[in-house]
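K.L.:
The structure file model.pdb (PDB, C-alpha atoms and all ligand atoms) is provided below.
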MODEL        1
ATOM      1  CA  MET A 271      88.788 164.690  54.971
ATOM      2  CA  LYS A 272      84.992 164.765  55.306
ATOM      3  CA  ILE A 273      83.224 168.058  56.128
ATOM      4  CA  LYS A 274      79.483 168.157  56.698
ATOM      5  CA  ILE A 275      77.796 171.479  55.939
ATOM      6  CA  ILE A 276      74.416 171.809  57.577
ATOM      7  CA  ASN A 277      71.956 174.308  56.136
ATOM      8  CA  PRO A 278      69.597 174.512  59.127
ATOM      9  CA  ASN A 279      66.656 175.584  56.993
ATOM     10  CA  THR A 280      64.880 172.919  54.957
ATOM     11  CA  THR A 281      65.003 174.642  51.550
ATOM     12  CA  GLN A 282      66.872 172.184  49.338
ATOM     13  CA  SER A 283      67.749 174.711  46.617
ATOM     14  CA  MET A 284      69.649 176.763  49.200
ATOM     15  CA  THR A 285      71.386 173.643  50.503
ATOM     16  CA  ASP A 286      72.455 172.753  46.967
ATOM     17  CA  LYS A 287      73.747 176.304  46.389
ATOM     18  CA  ILE A 288      75.672 176.263  49.665
ATOM     19  CA  GLY A 289      77.224 172.906  48.781
ATOM     20  CA  HIS A 290      78.234 174.163  45.342
ATOM     21  CA  CYS A 291      79.847 177.312  46.779
ATOM     22  CA  ALA A 292      81.684 175.234  49.363
ATOM     23  CA  ARG A 293      83.066 172.877  46.713
ATOM     24  CA  THR A 294      84.405 175.772  44.628
ATOM     25  CA  VAL A 295      86.853 176.605  47.451
ATOM     26  CA  SER A 296      87.482 173.224  49.101
ATOM     27  CA  GLN A 297      90.682 171.242  48.643
ATOM     28  CA  ALA A 298      90.734 168.321  46.216
ATOM     29  CA  ASN A 299      90.972 165.844  49.114
ATOM     30  CA  THR A 300      88.009 167.343  50.967
ATOM     31  CA  ARG A 301      84.646 165.642  50.627
ATOM     32  CA  ILE A 302      81.844 168.170  51.190
ATOM     33  CA  ILE A 303      78.521 166.737  52.362
ATOM     34  CA  ALA A 304      75.795 169.414  52.226
ATOM     35  CA  VAL A 305      72.541 168.616  54.013
ATOM     36  CA  SER A 306      69.325 170.092  55.344
ATOM     37  CA  PRO A 307      67.892 168.480  58.490
ATOM     38  CA  ARG A 308      64.823 166.211  58.223
ATOM     39  CA  MET A 309      62.940 168.707  60.393
ATOM     40  CA  GLY A 310      63.030 172.500  60.716
ATOM     41  CA  PRO A 311      61.857 175.817  59.282
ATOM     42  CA  ALA A 312      61.901 176.574  55.536
ATOM     43  CA  SER A 313      63.907 179.699  56.359
ATOM     44  CA  ILE A 314      65.363 181.204  59.537
ATOM     45  CA  GLU A 315      64.332 184.823  60.129
ATOM     46  CA  SER A 316      63.589 185.050  63.853
ATOM     47  CA  HIS A 317      64.585 183.739  67.284
ATOM     48  CA  TYR A 318      61.663 181.312  67.024
ATOM     49  CA  ASP A 319      62.971 179.921  63.716
ATOM     50  CA  GLU A 320      66.480 179.647  65.125
ATOM     51  CA  ALA A 321      65.284 177.767  68.206
ATOM     52  CA  LEU A 322      63.272 175.331  66.089
ATOM     53  CA  SER A 323      66.242 174.726  63.784
ATOM     54  CA  VAL A 324      68.499 173.433  66.570
ATOM     55  CA  PRO A 325      67.065 169.907  67.057
ATOM     56  CA  GLY A 326      67.523 169.246  63.344
ATOM     57  CA  ILE A 327      71.089 170.555  63.466
ATOM     58  CA  LEU A 328      71.963 168.361  66.441
ATOM     59  CA  ASP A 329      70.365 165.347  64.753
ATOM     60  CA  GLU A 330      72.725 165.893  61.810
ATOM     61  CA  ILE A 331      75.722 166.210  64.136
ATOM     62  CA  LEU A 332      74.805 162.954  65.896
ATOM     63  CA  SER A 333      74.502 161.131  62.574
ATOM     64  CA  GLY A 334      77.759 162.696  61.402
ATOM     65  CA  GLU A 335      79.532 161.322  64.463
ATOM     66  CA  ARG A 336      78.402 157.842  63.482
ATOM     67  CA  GLU A 337      79.737 158.417  59.953
ATOM     68  CA  ASP A 338      83.244 159.623  60.968
ATOM     69  CA  VAL A 339      82.737 163.191  59.789
ATOM     70  CA  ASP A 340      85.940 165.180  60.461
ATOM     71  CA  GLY A 341      84.348 168.626  60.845
ATOM     72  CA  TYR A 342      81.071 170.529  60.574
ATOM     73  CA  ILE A 343      79.814 173.880  59.345
ATOM     74  CA  ILE A 344      76.557 175.454  60.481
ATOM     75  CA  ALA A 345      75.543 177.401  57.392
ATOM     76  CA  CYS A 346      73.149 179.958  58.847
ATOM     77  CA  PHE A 347      74.240 183.458  59.819
ATOM     78  CA  GLY A 348      72.750 183.176  63.272
ATOM     79  CA  ASP A 349      75.145 180.280  64.034
ATOM     80  CA  PRO A 350      72.214 178.450  65.678
ATOM     81  CA  GLY A 351      73.099 175.587  68.009
ATOM     82  CA  LEU A 352      76.833 176.181  67.562
ATOM     83  CA  TYR A 353      77.882 175.540  71.149
ATOM     84  CA  ALA A 354      75.557 172.554  71.602
ATOM     85  CA  ALA A 355      76.950 171.106  68.362
ATOM     86  CA  ARG A 356      80.488 171.517  69.726
ATOM     87  CA  GLU A 357      79.533 169.462  72.767
ATOM     88  CA  LEU A 358      78.496 166.573  70.504
ATOM     89  CA  ALA A 359      81.232 166.743  67.867
ATOM     90  CA  ARG A 360      84.760 165.382  68.118
ATOM     91  CA  GLY A 361      86.018 167.536  65.265
ATOM     92  CA  PRO A 362      85.719 171.298  64.830
ATOM     93  CA  VAL A 363      82.325 172.948  64.306
ATOM     94  CA  ILE A 364      82.403 176.313  62.534
ATOM     95  CA  GLY A 365      79.555 178.822  62.371
ATOM     96  CA  ILE A 366      79.545 180.956  59.226
ATOM     97  CA  ALA A 367      79.018 184.206  61.124
ATOM     98  CA  GLU A 368      81.966 183.592  63.443
ATOM     99  CA  ALA A 369      84.132 182.567  60.482
ATOM    100  CA  ALA A 370      83.130 185.594  58.395
ATOM    101  CA  MET A 371      83.600 188.144  61.171
ATOM    102  CA  HIS A 372      87.067 186.876  62.087
ATOM    103  CA  THR A 373      88.068 186.787  58.422
ATOM    104  CA  ALA A 374      86.892 190.399  58.001
ATOM    105  CA  SER A 375      89.034 191.434  60.970
ATOM    106  CA  PHE A 376      92.143 190.087  59.206
ATOM    107  CA  ILE A 377      91.622 192.046  55.960
ATOM    108  CA  GLY A 378      90.009 195.288  57.110
ATOM    109  CA  THR A 379      89.687 197.664  60.033
ATOM    110  CA  GLY A 380      85.893 197.689  60.074
ATOM    111  CA  PHE A 381      83.128 195.681  58.474
ATOM    112  CA  SER A 382      79.403 196.109  57.857
ATOM    113  CA  VAL A 383      77.093 193.121  57.883
ATOM    114  CA  VAL A 384      74.426 193.169  55.163
ATOM    115  CA  THR A 385      71.671 190.760  56.055
ATOM    116  CA  THR A 386      68.039 190.028  55.178
ATOM    117  CA  LEU A 387      65.106 191.248  57.312
ATOM    118  CA  PRO A 388      65.509 194.112  59.828
ATOM    119  CA  ARG A 389      64.338 191.834  62.633
ATOM    120  CA  THR A 390      67.509 189.706  62.264
ATOM    121  CA  CYS A 391      69.919 192.635  62.720
ATOM    122  CA  ASN A 392      70.118 192.332  66.483
ATOM    123  CA  ILE A 393      71.013 188.658  66.162
ATOM    124  CA  ALA A 394      74.092 189.681  64.162
ATOM    125  CA  TRP A 395      74.968 192.411  66.678
ATOM    126  CA  HIS A 396      74.735 189.919  69.538
ATOM    127  CA  LEU A 397      77.028 187.526  67.655
ATOM    128  CA  ALA A 398      79.599 190.288  67.109
ATOM    129  CA  GLU A 399      79.560 190.905  70.861
ATOM    130  CA  ARG A 400      79.763 187.190  71.668
ATOM    131  CA  TYR A 401      82.749 186.753  69.342
ATOM    132  CA  GLY A 402      84.579 189.868  70.551
ATOM    133  CA  MET A 403      84.074 191.520  67.169
ATOM    134  CA  GLU A 404      82.118 194.603  68.255
ATOM    135  CA  ARG A 405      85.165 196.850  67.771
ATOM    136  CA  PHE A 406      85.343 195.747  64.132
ATOM    137  CA  CYS A 407      81.615 195.726  63.395
ATOM    138  CA  ARG A 408      80.684 199.206  62.155
ATOM    139  CA  ASN A 409      77.060 198.408  61.356
ATOM    140  CA  VAL A 410      74.509 195.704  60.639
ATOM    141  CA  ARG A 411      72.207 196.607  57.756
ATOM    142  CA  ALA A 412      69.117 194.844  56.473
ATOM    143  CA  SER A 413      68.383 194.574  52.755
ATOM    144  CA  ASP A 414      64.747 194.012  53.819
ATOM    145  CA  LEU A 415      64.637 190.830  51.731
ATOM    146  CA  PRO A 416      62.970 187.661  53.034
ATOM    147  CA  VAL A 417      65.525 184.822  52.972
ATOM    148  CA  LEU A 418      63.631 182.814  50.354
ATOM    149  CA  ASP A 419      63.629 185.753  47.925
ATOM    150  CA  LEU A 420      67.262 184.743  47.401
ATOM    151  CA  GLU A 421      65.925 181.511  45.896
ATOM    152  CA  LYS A 422      63.467 183.130  43.515
ATOM    153  CA  PRO A 423      64.694 183.097  39.899
ATOM    154  CA  GLY A 424      64.629 186.611  38.448
ATOM    155  CA  SER A 425      64.278 188.295  41.858
ATOM    156  CA  ASP A 426      65.831 191.713  42.382
ATOM    157  CA  ALA A 427      67.846 190.362  45.318
ATOM    158  CA  ARG A 428      71.284 190.797  43.770
ATOM    159  CA  ARG A 429      70.706 194.492  42.960
ATOM    160  CA  ILE A 430      69.091 195.237  46.331
ATOM    161  CA  ILE A 431      71.932 193.605  48.260
ATOM    162  CA  THR A 432      74.598 195.255  46.103
ATOM    163  CA  ASP A 433      73.031 198.676  46.727
ATOM    164  CA  ALA A 434      72.964 197.986  50.475
ATOM    165  CA  CYS A 435      76.642 196.995  50.386
ATOM    166  CA  ARG A 436      77.568 200.157  48.473
ATOM    167  CA  GLN A 437      75.607 202.281  50.954
ATOM    168  CA  ALA A 438      77.370 200.557  53.849
ATOM    169  CA  LEU A 439      80.811 201.456  52.495
ATOM    170  CA  ASP A 440      79.730 205.058  51.968
ATOM    171  CA  GLU A 441      77.967 205.606  55.291
ATOM    172  CA  ASP A 442      79.429 203.217  57.877
ATOM    173  CA  ARG A 443      83.204 203.896  57.617
ATOM    174  CA  SER A 444      83.493 200.212  56.702
ATOM    175  CA  ASP A 445      86.211 198.912  54.396
ATOM    176  CA  CYS A 446      84.709 195.484  53.813
ATOM    177  CA  ILE A 447      81.340 193.736  53.833
ATOM    178  CA  VAL A 448      80.177 190.548  55.533
ATOM    179  CA  LEU A 449      77.210 188.864  53.829
ATOM    180  CA  GLY A 450      74.663 188.078  56.517
ATOM    181  CA  CYS A 451      73.013 185.026  54.976
ATOM    182  CA  ALA A 452      74.289 181.676  53.732
ATOM    183  CA  GLY A 453      71.918 182.069  50.795
ATOM    184  CA  MET A 454      74.007 185.033  49.564
ATOM    185  CA  ALA A 455      77.118 182.851  49.104
ATOM    186  CA  ASP A 456      76.816 182.842  45.308
ATOM    187  CA  LEU A 457      76.651 186.663  45.167
ATOM    188  CA  CYS A 458      79.962 187.313  46.920
ATOM    189  CA  GLU A 459      82.338 187.697  43.961
ATOM    190  CA  SER A 460      80.023 189.749  41.743
ATOM    191  CA  ILE A 461      79.148 192.155  44.556
ATOM    192  CA  SER A 462      82.832 192.595  45.421
ATOM    193  CA  ASP A 463      83.563 193.441  41.778
ATOM    194  CA  ALA A 464      80.614 195.849  41.675
ATOM    195  CA  ILE A 465      81.492 197.807  44.800
ATOM    196  CA  GLY A 466      85.305 197.601  44.604
ATOM    197  CA  ALA A 467      85.820 196.284  48.118
ATOM    198  CA  PRO A 468      86.246 192.878  49.791
ATOM    199  CA  VAL A 469      82.952 191.032  50.344
ATOM    200  CA  ILE A 470      83.125 188.066  52.705
ATOM    201  CA  ASP A 471      80.956 184.965  52.478
ATOM    202  CA  GLY A 472      80.917 182.932  55.672
ATOM    203  CA  VAL A 473      80.381 179.611  53.877
ATOM    204  CA  ALA A 474      83.698 179.821  52.019
ATOM    205  CA  CYS A 475      85.522 181.109  55.106
ATOM    206  CA  ALA A 476      84.128 178.310  57.243
ATOM    207  CA  VAL A 477      85.239 175.654  54.740
ATOM    208  CA  LYS A 478      88.838 176.922  54.785
ATOM    209  CA  MET A 479      88.857 177.270  58.577
ATOM    210  CA  ALA A 480      87.502 173.753  59.027
ATOM    211  CA  GLU A 481      90.085 172.369  56.583
ATOM    212  CA  SER A 482      92.882 174.197  58.427
ATOM    213  CA  LEU A 483      91.835 172.963  61.856
ATOM    214  CA  ILE A 484      91.397 169.396  60.643
ATOM    215  CA  SER A 485      94.793 169.544  58.870
ATOM    216  CA  LEU A 486      96.318 170.737  62.154
ATOM    217  CA  ARG A 487      94.630 167.733  63.824
ATOM    218  CA  LEU A 488      92.790 170.108  66.186
ATOM    219  CA  SER A 489      89.523 168.783  67.608
ATOM    220  CA  THR A 490      86.967 170.462  69.863
ATOM    221  CA  SER A 491      88.333 170.383  73.419
ATOM    222  CA  LYS A 492      86.322 168.183  75.809
ATOM    223  CA  ARG A 493      88.047 169.592  78.895
ATOM    224  CA  GLY A 494      85.555 172.403  79.555
ATOM    225  CA  ASP A 495      82.180 173.747  78.399
ATOM    226  CA  TRP A 496      82.204 171.689  75.237
ATOM    227  CA  ALA A 497      82.568 168.328  76.963
ATOM    228  CA  ARG A 498      79.982 165.730  75.926
ATOM    229  CA  PRO A 499      76.593 166.310  77.661
ATOM    230  CA  LEU A 500      75.760 164.027  80.584
ATOM    231  CA  PRO A 501      73.415 161.105  79.824
ATOM    232  CA  LYS A 502      69.809 161.829  80.910
ATOM    233  CA  HIS A 503      66.181 161.306  79.933
ATOM    234  CA  TYR A 504      64.550 163.635  77.397
ATOM    235  CA  ALA A 505      60.770 163.497  77.408
ATOM    236  CA  GLY A 506      58.300 163.557  74.540
ATOM    237  CA  MET A 507      59.427 164.402  70.996
ATOM    238  CA  LEU A 508      63.002 164.883  72.212
ATOM    239  CA  SER A 509      63.342 161.339  73.565
ATOM    240  CA  THR A 510      65.489 160.324  70.573
ATOM    241  CA  PHE A 511      68.148 162.845  71.704
ATOM    242  CA  ALA A 512      69.016 160.816  74.824
ATOM    243  CA  LEU A 513      72.754 160.106  74.810
ATOM    244  CA  ASP A 514      73.878 156.695  76.050
ATOM    245  CA  THR A 515      77.366 157.856  76.988
TER
HETATM  246  C1  LIG A 601      70.659 182.145  56.939
HETATM  247  N1  LIG A 601      68.533 182.518  57.679
HETATM  248  O1  LIG A 601      71.876 182.276  56.729
HETATM  249  C2  LIG A 601      69.875 183.059  57.822
HETATM  250  C3  LIG A 601      70.020 184.488  57.437
HETATM  251  C4  LIG A 601      69.218 185.395  58.336
HETATM  252  O2  LIG A 601      67.580 180.693  56.619
HETATM  253  N2  LIG A 601      69.841 181.210  56.506
HETATM  254  C5  LIG A 601      68.566 181.420  56.905
HETATM  255  O3  LIG A 601      68.473 186.194  57.793
HETATM  256  O4  LIG A 601      69.333 185.281  59.561
ENDMDL
END
What is this structure when it is put down as structure tokens?
Ligand code: 5HY
P.N.:
Amino acid sequence: MKIKIINPNTTQSMTDKIGHCARTVSQANTRIIAVSPRMGPASIESHYDEALSVPGILDEILSGEREDVDGYIIACFGDPGLYAARELARGPVIGIAEAAMHTASFIGTGFSVVTTLPRTCNIAWHLAERYGMERFCRNVRASDLPVLDLEKPGSDARRIITDACRQALDEDRSDCIVLGCAGMADLCESISDAIGAPVIDGVACAVKMAESLISLRLSTSKRGDWARPLPKHYAGMLSTFALDT
């Protein structure tokens, strides 16, 4: 099976890291294709960044549909463009936040999200509400790290995030942690060992969920909201997004 992982930001080192982490958990017969869109923000840390990441995501979904991709992962904790992507894709499309939150609800009674900048906390809260996870989400904490600090060799990111995870367990009545950024995927195991509690990385969870759904031959339903969009004209820079059918 072929799974395309889309890092919506355009930082190639993060895309490479995400692809590596995905391949450490994927099945032998799964081909992981990790990409960044041709257009989009270098990192996603605001509603503005999220909005501007969506055209690039959808462009990758459209090209994936021409290349017989079996399933997709949107590897950004805001799950940007998830529902629009599901309208375009035949196969399943998994957002890492949705995957991580559901996984946390299977292995604990309450999770804390540890994310990057404070301004992205509400985005995670809104996702928990959208996914029916508010009764499991004890808190959303910011490490106050810009996303691209995770890409800086020798940065203090690992220690800062580990301390935030430890504080979450102590103060939030949480029994597990959800990492609130795809760029934290490589920190998951070491932080779990350091704090003595499950730490959940949405990239790995999304890979296993996509594999399961594809193995069950379950595609995105086209009977309701996620039916293919109606053909229409799109003006200006978006003209290439016109769908012929
Ligand atoms: C992410 N931003 O997973 C999110 C994390 C965040 O560029 N990749 C990004 O802070 O919202």
K.L.:
Put the listed atoms of ligand LIG 601 (chain A) in a box along x, y and z with 4 Å added on every side and give me the centre and edge lengths in Å to one decimal, as JSON.
P.N.:
{"center_x": 69.7, "center_y": 183.4, "center_z": 58.0, "size_x": 12.3, "size_y": 13.5, "size_z": 11.1}
K.L.:
For A:Ile465, which residue out of A:Cys451, A:Leu439, A:Val384, A:Leu488 is the nearest one, using only C-alpha atoms?
P.N.:
A:Leu439
K.L.:
Using only C-alpha atoms and all ligand atoms, find the one residue out of A:Ala345, A:Ile331, A:Leu457, A:Leu322 that sits nearest to ligand LIG 601 (chain A).
P.N.:
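That would be A:Ala345, the residue with the smallest distance to ligand LIG 601 (chain A).
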K.L.:
Write as a PDB file with C-alpha atoms, in the frame of the given file the residues around ligand LIG 601 (chain A), taking 10 Å as the cut-off and counting only C-alpha atoms and all ligand atoms.
P.N.:
ATOM      1  CA  ASN A 277      71.956 174.308  56.136  1.00  0.00           C
ATOM      2  CA  PRO A 278      69.597 174.512  59.127  1.00  0.00           C
ATOM      3  CA  ASN A 279      66.656 175.584  56.993  1.00  0.00           C
ATOM      4  CA  THR A 280      64.880 172.919  54.957  1.00  0.00           C
ATOM      5  CA  THR A 281      65.003 174.642  51.550  1.00  0.00           C
ATOM      6  CA  MET A 284      69.649 176.763  49.200  1.00  0.00           C
ATOM      7  CA  THR A 285      71.386 173.643  50.503  1.00  0.00           C
ATOM      8  CA  PRO A 311      61.857 175.817  59.282  1.00  0.00           C
ATOM      9  CA  ALA A 312      61.901 176.574  55.536  1.00  0.00           C
ATOM     10  CA  SER A 313      63.907 179.699  56.359  1.00  0.00           C
ATOM     11  CA  ILE A 314      65.363 181.204  59.537  1.00  0.00           C
ATOM     12  CA  GLU A 315      64.332 184.823  60.129  1.00  0.00           C
ATOM     13  CA  SER A 316      63.589 185.050  63.853  1.00  0.00           C
ATOM     14  CA  HIS A 317      64.585 183.739  67.284  1.00  0.00           C
ATOM     15  CA  ASP A 319      62.971 179.921  63.716  1.00  0.00           C
ATOM     16  CA  GLU A 320      66.480 179.647  65.125  1.00  0.00           C
ATOM     17  CA  SER A 323      66.242 174.726  63.784  1.00  0.00           C
ATOM     18  CA  ILE A 344      76.557 175.454  60.481  1.00  0.00           C
ATOM     19  CA  ALA A 345      75.543 177.401  57.392  1.00  0.00           C
ATOM     20  CA  CYS A 346      73.149 179.958  58.847  1.00  0.00           C
ATOM     21  CA  PHE A 347      74.240 183.458  59.819  1.00  0.00           C
ATOM     22  CA  GLY A 348      72.750 183.176  63.272  1.00  0.00           C
ATOM     23  CA  ASP A 349      75.145 180.280  64.034  1.00  0.00           C
ATOM     24  CA  PRO A 350      72.214 178.450  65.678  1.00  0.00           C
ATOM     25  CA  ILE A 366      79.545 180.956  59.226  1.00  0.00           C
ATOM     26  CA  ALA A 367      79.018 184.206  61.124  1.00  0.00           C
ATOM     27  CA  VAL A 384      74.426 193.169  55.163  1.00  0.00           C
ATOM     28  CA  THR A 385      71.671 190.760  56.055  1.00  0.00           C
ATOM     29  CA  THR A 386      68.039 190.028  55.178  1.00  0.00           C
ATOM     30  CA  LEU A 387      65.106 191.248  57.312  1.00  0.00           C
ATOM     31  CA  PRO A 388      65.509 194.112  59.828  1.00  0.00           C
ATOM     32  CA  ARG A 389      64.338 191.834  62.633  1.00  0.00           C
ATOM     33  CA  THR A 390      67.509 189.706  62.264  1.00  0.00           C
ATOM     34  CA  CYS A 391      69.919 192.635  62.720  1.00  0.00           C
ATOM     35  CA  ASN A 392      70.118 192.332  66.483  1.00  0.00           C
ATOM     36  CA  ILE A 393      71.013 188.658  66.162  1.00  0.00           C
ATOM     37  CA  ALA A 394      74.092 189.681  64.162  1.00  0.00           C
ATOM     38  CA  ALA A 412      69.117 194.844  56.473  1.00  0.00           C
ATOM     39  CA  SER A 413      68.383 194.574  52.755  1.00  0.00           C
ATOM     40  CA  ASP A 414      64.747 194.012  53.819  1.00  0.00           C
ATOM     41  CA  LEU A 415      64.637 190.830  51.731  1.00  0.00           C
ATOM     42  CA  PRO A 416      62.970 187.661  53.034  1.00  0.00           C
ATOM     43  CA  VAL A 417      65.525 184.822  52.972  1.00  0.00           C
ATOM     44  CA  LEU A 418      63.631 182.814  50.354  1.00  0.00           C
ATOM     45  CA  LEU A 449      77.210 188.864  53.829  1.00  0.00           C
ATOM     46  CA  GLY A 450      74.663 188.078  56.517  1.00  0.00           C
ATOM     47  CA  CYS A 451      73.013 185.026  54.976  1.00  0.00           C
ATOM     48  CA  ALA A 452      74.289 181.676  53.732  1.00  0.00           C
ATOM     49  CA  GLY A 453      71.918 182.069  50.795  1.00  0.00           C
ATOM     50  CA  MET A 454      74.007 185.033  49.564  1.00  0.00           C
ATOM     51  CA  ALA A 455      77.118 182.851  49.104  1.00  0.00           C
ATOM     52  CA  GLY A 472      80.917 182.932  55.672  1.00  0.00           C
ATOM     53  CA  VAL A 473      80.381 179.611  53.877  1.00  0.00           C
TER      54      VAL A 473
END
K.L.:
For stretch 313-353 of chain A versus stretch 479-483 of chain A, which residues have an atom no more than 10 Å away, and what is each residue's nearest atom pair and distance in Å rounded to one decimal, using only C-alpha atoms, chain-then-number order, as CSV?
P.N.:
residue,atom,partner,partner_atom,distance
A:Asp340,CA,A:Ala480,CA,8.8
A:Gly341,CA,A:Ala480,CA,6.3
A:Tyr342,CA,A:Ala480,CA,7.4
A:Ile343,CA,A:Ala480,CA,7.7
K.L.:
Between A:Ala292, A:Leu352, A:Met271, A:Val383, which residue has the minimum interatomic distance to A:Ile364, considering only C-alpha atoms?
P.N.:
A:Leu352
K.L.:
Starting from the PyMOL selection byres (((chain A and resi 504-512) around 12) and not hetatm), expand the selection into actual residues of this file and give them as a list of chain:residue names.
P.N.:
A:Met309, A:Val324, A:Pro325, A:Gly326, A:Ile327, A:Leu328, A:Asp329, A:Glu330, A:Ile331, A:Leu332, A:Ser333, A:Leu358, A:Pro499, A:Leu500, A:Pro501, A:Lys502, A:His503, A:Leu513, A:Asp514, A:Thr515
K.L.:
One decimal, Å: what's the distance from atom CA of A:Gly365 over to atom CA of A:Tyr401, could you say?
P.N.:
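Taking atom CA of A:Gly365 and atom CA of A:Tyr401, their separation equals 11.0 Å.
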K.L.:
Given the file above and the PyMOL selection byres (((chain A and resi 460) around 12) and not hetatm), which residues are selected, and can you give them as JSON, numbers by chain?
P.N.:
{"A": [428, 429, 431, 432, 435, 454, 455, 456, 457, 458, 459, 461, 462, 463, 464, 465, 466, 467, 468, 469, 470, 471]}
K.L.:
Next, dump the selected residues to file, keeping only C-alpha atoms, as a PDB file, keeping the file's coordinate frame.
P.N.:
ATOM      1  CA  ARG A 428      71.284 190.797  43.770  1.00  0.00           C
ATOM      2  CA  ARG A 429      70.706 194.492  42.960  1.00  0.00           C
ATOM      3  CA  ILE A 431      71.932 193.605  48.260  1.00  0.00           C
ATOM      4  CA  THR A 432      74.598 195.255  46.103  1.00  0.00           C
ATOM      5  CA  CYS A 435      76.642 196.995  50.386  1.00  0.00           C
ATOM      6  CA  MET A 454      74.007 185.033  49.564  1.00  0.00           C
ATOM      7  CA  ALA A 455      77.118 182.851  49.104  1.00  0.00           C
ATOM      8  CA  ASP A 456      76.816 182.842  45.308  1.00  0.00           C
ATOM      9  CA  LEU A 457      76.651 186.663  45.167  1.00  0.00           C
ATOM     10  CA  CYS A 458      79.962 187.313  46.920  1.00  0.00           C
ATOM     11  CA  GLU A 459      82.338 187.697  43.961  1.00  0.00           C
ATOM     12  CA  ILE A 461      79.148 192.155  44.556  1.00  0.00           C
ATOM     13  CA  SER A 462      82.832 192.595  45.421  1.00  0.00           C
ATOM     14  CA  ASP A 463      83.563 193.441  41.778  1.00  0.00           C
ATOM     15  CA  ALA A 464      80.614 195.849  41.675  1.00  0.00           C
ATOM     16  CA  ILE A 465      81.492 197.807  44.800  1.00  0.00           C
ATOM     17  CA  GLY A 466      85.305 197.601  44.604  1.00  0.00           C
ATOM     18  CA  ALA A 467      85.820 196.284  48.118  1.00  0.00           C
ATOM     19  CA  PRO A 468      86.246 192.878  49.791  1.00  0.00           C
ATOM     20  CA  VAL A 469      82.952 191.032  50.344  1.00  0.00           C
ATOM     21  CA  ILE A 470      83.125 188.066  52.705  1.00  0.00           C
ATOM     22  CA  ASP A 471      80.956 184.965  52.478  1.00  0.00           C
TER      23      ASP A 471
END
K.L.:
Calculate how many Å separate atom CA of A:Ile288 from atom CA of A:Gly310, rounding to one decimal.
P.N.:
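Separating atom CA of A:Ile288 from atom CA of A:Gly310 is a distance of 17.2 Å.
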K.L.:
Written as a tab-separated table (two decimals) with C-alpha atoms, in the frame of the given file, what is the full residue list that the PyMOL selection byres (((chain A and resi 496) around 12) and not hetatm) yields on the file shown?
P.N.:
chain	number	residue	atom	x	y	z
A	352	LEU	CA	76.83	176.18	67.56
A	353	TYR	CA	77.88	175.54	71.15
A	354	ALA	CA	75.56	172.55	71.60
A	355	ALA	CA	76.95	171.11	68.36
A	356	ARG	CA	80.49	171.52	69.73
A	357	GLU	CA	79.53	169.46	72.77
A	358	LEU	CA	78.50	166.57	70.50
A	359	ALA	CA	81.23	166.74	67.87
A	360	ARG	CA	84.76	165.38	68.12
A	361	GLY	CA	86.02	167.54	65.26
A	362	PRO	CA	85.72	171.30	64.83
A	363	VAL	CA	82.32	172.95	64.31
A	489	SER	CA	89.52	168.78	67.61
A	490	THR	CA	86.97	170.46	69.86
A	491	SER	CA	88.33	170.38	73.42
A	492	LYS	CA	86.32	168.18	75.81
A	493	ARG	CA	88.05	169.59	78.90
A	494	GLY	CA	85.56	172.40	79.56
A	495	ASP	CA	82.18	173.75	78.40
A	497	ALA	CA	82.57	168.33	76.96
A	498	ARG	CA	79.98	165.73	75.93
A	499	PRO	CA	76.59	166.31	77.66
A	500	LEU	CA	75.76	164.03	80.58
K.L.:
Between atom CA of A:Val295 and atom CA of A:Ala474, what is the spacing in Å?
P.N.:
6.4 Å
K.L.:
I'd like to know which of A:Glu368, A:Asp445, A:Glu404, A:Glu421 is closest to A:Cys475, using only C-alpha atoms.
P.N.:
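Nearest candidate to A:Cys475 out of A:Glu368, A:Asp445, A:Glu404, A:Glu421: A:Glu368.
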K.L.:
Of the candidates A:Arg443, A:Val339, A:Ile484, A:Met403, which shows the shortest atom-to-atom distance to A:Ala369, using all atoms listed in the file?
P.N.:
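Smallest distance to A:Ala369 is found for A:Met403.
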